[in-house]
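**Student:** Starting off with a structure, shown below.
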Amino acid sequence: MYKVVTKEDTIRIPAEYMRKGQSLDQHIDRLSMTAFEGRFDEQNRFILVTNNHKTIGRGRIIHGDGAIYQKVQFDAVLFCMDDQEIVEGAITEINDFGAFVRIGPMEALLHKSTIMDEPVDMNIGKSEIVGRSSNRKMGVGSSVRARIVSISPDTTDPRRSKIGLTSKQDGLGCHEWIHDPKKNRDGE
């Protein structure tokens with residue numbers, strides 16, 4: 001899920017940052033963090049944090065812009081999601097159509113049809129989900145293990161990315177079910 005990699009990319013240094021007696025290096029860290037953190041890279045990996053920013057070569061000035069376009073190298077902590085990957089998370093919200101689960105820095109949807117092998121009742125007032133025949137429960141704050149079944153990243157606004165989960169298979173679901181499967185599966 002998390003990786004540390006060294007990446008290269010280009011930042012734009014506005015003309016107002018070029019002042020006599022000041023080094024552009026003073027601005028490279030801040031501009032690089034603003035440009036890259038909290039966004040998806042070209043391989044749809046979410047960039048959490050960057051550091052160790054170093055300029056590579058000389059920057060370019062594009063006619064009519066006045067800014068310097070500078071290539072930089074940096075270390076990045078990435079949050080990577082692969083289709084069919086097993087993830088751990090906590091339920092943050094329950095609504096009519098399912099539960100939102102926090103996996104790393106992202107929110108994913110555990111649709112009510114993919115929670116259990118049985119129909120479920122959504123009790124929004126109590127913020128819980130209950131299996132109709134087994135009476136298994138999960139609610140806001142419950143830790144769950146699920147499998148990613150769909151990923152649709154939104155590179156313009158990562159908060160609008162759509163990640164779908166399922167917890168129907170053995171070994172998946174609310175941690176209480178996993179650790180005591182007989183009691184919770186048979187409704188005893």
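The chains in the structure tokens are called A, B, ... from first to last as shown; in each chain the residues are counted from 1, and the ligands are counted from 1 in the order shown.
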Give me, as a list in words, all polymer residues having an atom no more than 9 Å from segment 41-52 of chain A, counting only C-alpha atoms and skipping those fewer than 2 positions away in the same chain.
**Tutor:**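 Residues near the query, excluding close chain neighbours: Asp29, Ser32, Met33, Phe36, Glu37, Gly38, Arg39, Lys54, Gln73, Phe74, Asp75, Ala76, Val77, Leu78, Phe79, Cys80, Met81, Pro105, Pro153, Asp154, Thr155 and Pro158 of chain A.
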**Student:** Atoms to include: N, CA and C atoms. Write the selected residues as a tab-separated table (two decimals), in the first residue's frame.
**Tutor:**
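Ended up saving to result_22.tsv:
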chain	number	residue	atom	x	y	z
A	29	ASP	N	11.55	23.74	-2.13
A	29	ASP	CA	10.82	22.81	-1.27
A	29	ASP	C	9.33	23.14	-1.22
A	32	SER	N	7.61	22.63	-4.63
A	32	SER	CA	7.52	21.20	-4.97
A	32	SER	C	6.43	20.52	-4.16
A	33	MET	N	6.37	20.81	-2.87
A	33	MET	CA	5.34	20.20	-2.03
A	33	MET	C	3.95	20.61	-2.51
A	36	PHE	N	3.12	18.72	-5.93
A	36	PHE	CA	3.02	17.26	-6.02
A	36	PHE	C	2.20	16.58	-4.93
A	37	GLU	N	2.23	17.09	-3.71
A	37	GLU	CA	1.56	16.40	-2.61
A	37	GLU	C	0.04	16.49	-2.73
A	38	GLY	N	-0.63	15.40	-2.36
A	38	GLY	CA	-2.09	15.37	-2.40
A	38	GLY	C	-2.66	15.17	-3.79
A	39	ARG	N	-1.83	14.64	-4.70
A	39	ARG	CA	-2.26	14.42	-6.08
A	39	ARG	C	-1.85	13.01	-6.52
A	54	LYS	N	15.71	18.31	-5.05
A	54	LYS	CA	16.97	18.78	-5.64
A	54	LYS	C	16.71	19.19	-7.07
A	73	GLN	N	14.24	16.56	-8.61
A	73	GLN	CA	14.23	15.17	-8.16
A	73	GLN	C	13.85	15.20	-6.69
A	74	PHE	N	13.02	14.22	-6.27
A	74	PHE	CA	12.57	14.21	-4.87
A	74	PHE	C	12.18	12.81	-4.46
A	75	ASP	N	12.16	12.59	-3.15
A	75	ASP	CA	11.64	11.35	-2.60
A	75	ASP	C	10.17	11.54	-2.29
A	76	ALA	N	9.38	10.53	-2.55
A	76	ALA	CA	7.94	10.63	-2.33
A	76	ALA	C	7.42	9.39	-1.62
A	77	VAL	N	6.52	9.60	-0.66
A	77	VAL	CA	5.80	8.51	-0.03
A	77	VAL	C	4.48	8.39	-0.79
A	78	LEU	N	4.24	7.21	-1.36
A	78	LEU	CA	3.07	6.98	-2.20
A	78	LEU	C	2.09	6.03	-1.53
A	79	PHE	N	0.81	6.27	-1.75
A	79	PHE	CA	-0.24	5.33	-1.36
A	79	PHE	C	-0.70	4.67	-2.64
A	80	CYS	N	-0.46	3.36	-2.75
A	80	CYS	CA	-0.77	2.63	-3.97
A	80	CYS	C	-1.93	1.67	-3.72
A	81	MET	N	-2.84	1.62	-4.67
A	81	MET	CA	-3.97	0.70	-4.58
A	81	MET	C	-3.97	-0.17	-5.84
A	105	PRO	N	-5.20	7.35	3.11
A	105	PRO	CA	-5.71	8.72	2.98
A	105	PRO	C	-7.00	8.81	2.16
A	153	PRO	N	-9.73	6.54	-10.12
A	153	PRO	CA	-9.13	7.75	-9.55
A	153	PRO	C	-9.53	9.00	-10.35
A	154	ASP	N	-9.74	10.09	-9.64
A	154	ASP	CA	-10.00	11.38	-10.27
A	154	ASP	C	-8.74	12.22	-10.08
A	155	THR	N	-7.96	12.36	-11.14
A	155	THR	CA	-6.67	13.04	-11.03
A	155	THR	C	-6.82	14.55	-10.81
A	158	PRO	N	-8.65	14.36	-6.11
A	158	PRO	CA	-8.58	13.02	-5.50
A	158	PRO	C	-9.73	12.70	-4.55
**Student:** Tell me, which residues of chain A carry DSSP strand (DSSP E or B), written as JSON, numbers by chain?
**Tutor:** {"A": [2, 3, 4, 5, 6, 7, 8, 9, 10, 11, 12, 13, 39, 40, 46, 47, 48, 49, 50, 51, 52, 53, 54, 55, 60, 61, 68, 69, 70, 71, 72, 73, 74, 75, 76, 77, 78, 79, 86, 87, 88, 89, 90, 91, 92, 93, 94, 95, 98, 99, 100, 101, 102, 103, 106, 107, 108, 109, 110, 111, 120, 121, 122, 123, 128, 129, 130, 131, 137, 138, 139, 143, 144, 145, 146, 147, 148, 149, 150, 151, 152, 162, 163, 164, 165, 166, 173, 174]}
**Student:** Write out as a VMD selection string the set of residues from segment 21-73 of chain A that DSSP, computed on the backbone, places in helix (DSSP H, G or I).
**Tutor:** chain A and resid 25 to 36
**Student:** I need the residues from that last selection saved to file as a compact mmCIF listing (two decimals), in the first residue's frame (with N, CA and C atoms), if you can.
**Tutor:**
# COMPACT_ATOMS: atom_id res chain seq x y z
N ASP A 25 16.64 28.13 -4.52
CA ASP A 25 16.58 26.94 -3.68
C ASP A 25 15.71 27.17 -2.44
N GLN A 26 15.60 28.42 -2.01
CA GLN A 26 14.77 28.73 -0.84
C GLN A 26 13.29 28.41 -1.11
N HIS A 27 12.91 28.44 -2.37
CA HIS A 27 11.50 28.25 -2.73
C HIS A 27 11.20 26.86 -3.29
N ILE A 28 12.24 26.12 -3.64
CA ILE A 28 12.05 24.82 -4.29
C ILE A 28 11.23 23.86 -3.43
N ASP A 29 11.55 23.74 -2.13
CA ASP A 29 10.82 22.81 -1.27
C ASP A 29 9.33 23.14 -1.22
N ARG A 30 9.02 24.39 -0.95
CA ARG A 30 7.61 24.77 -0.81
C ARG A 30 6.85 24.61 -2.12
N LEU A 31 7.45 25.04 -3.22
CA LEU A 31 6.78 24.92 -4.52
C LEU A 31 6.62 23.46 -4.93
N SER A 32 7.61 22.63 -4.63
CA SER A 32 7.52 21.20 -4.97
C SER A 32 6.43 20.52 -4.16
N MET A 33 6.37 20.81 -2.87
CA MET A 33 5.34 20.20 -2.03
C MET A 33 3.95 20.61 -2.51
N THR A 34 3.79 21.88 -2.84
CA THR A 34 2.50 22.37 -3.33
C THR A 34 2.13 21.72 -4.66
N ALA A 35 3.12 21.52 -5.52
CA ALA A 35 2.86 20.97 -6.86
C ALA A 35 2.53 19.49 -6.85
N PHE A 36 3.12 18.72 -5.93
CA PHE A 36 3.02 17.26 -6.02
C PHE A 36 2.20 16.58 -4.93
**Student:** When you look at Lys71 of chain A with a cut-off of 8 Å (counting only C-alpha atoms), what residues show up, excluding the ones that are within fewer than 2 positions of it in the same chain? I need them as a list in words.
**Tutor:**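 These residues fall inside the cut-off: Glu8, Asp9, Thr10, Ile11, Thr55, Ile56, Gly57, Arg58, Gly59, Tyr69 and Gln73 of chain A.
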**Student:** Kindly indicate which residue among A:Met106, A:Val144, A:Cys174, A:Ala15 lies nearest to Asp157 of chain A, using only C-alpha atoms for the distances.
**Tutor:**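 Smallest distance to Asp157 of chain A is found for A:Met106.
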**Student:** Nearest residue to Glu118 of chain A out of A:Arg19, A:Ile151, A:Gln169, A:Ile61, using only C-alpha atoms?
**Tutor:** A:Gln169
**Student:** List every residue of segment 76-102 of chain A that has an atom at most 9 Å from any atom of segment 128-139 of chain A, and for each one report the closest atom pair and its distance in Å to one decimal, counting only C-alpha atoms, with rows sorted by chain and then by increasing residue number, as CSV.
**Tutor:**
residue,atom,partner,partner_atom,distance
A:Ile91,CA,A:Gly139,CA,6.7
A:Thr92,CA,A:Gly139,CA,8.5
A:Glu93,CA,A:Gly139,CA,8.2
A:Ile94,CA,A:Glu128,CA,6.9
A:Gly98,CA,A:Ile129,CA,8.5
A:Ala99,CA,A:Ile129,CA,8.5
**Student:** I'd like to know which of A:Gly141, A:Gly104, A:Gly173, A:Pro119 is closest to Met1 of chain A, using only C-alpha atoms.
**Tutor:**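 Closest to Met1 of chain A of all the choices is A:Gly104.
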**Student:** Can you measure atom CA of Ile115 of chain A to atom CA of Arg159 of chain A for me? One decimal in Å is fine.
**Tutor:**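 So the answer is 22.9 Å.
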**Student:** For Asp65 of chain A, which residue among A:Val87, A:His53, A:Phe40, A:Ile13 is the nearest when counting only C-alpha atoms?
**Tutor:** A:Ile13
**Student:** Quick one, how far is atom CA of Ser150 of chain A from atom CA of Leu172 of chain A?
**Tutor:**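 Spanning atom CA of Ser150 of chain A to atom CA of Leu172 of chain A is a straight-line distance of 16.5 Å.
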**Student:** Can you tell me how far atom CA of Gly89 of chain A sits from atom CA of Lys162 of chain A, in Å to one decimal?
**Tutor:** 15.6 Å
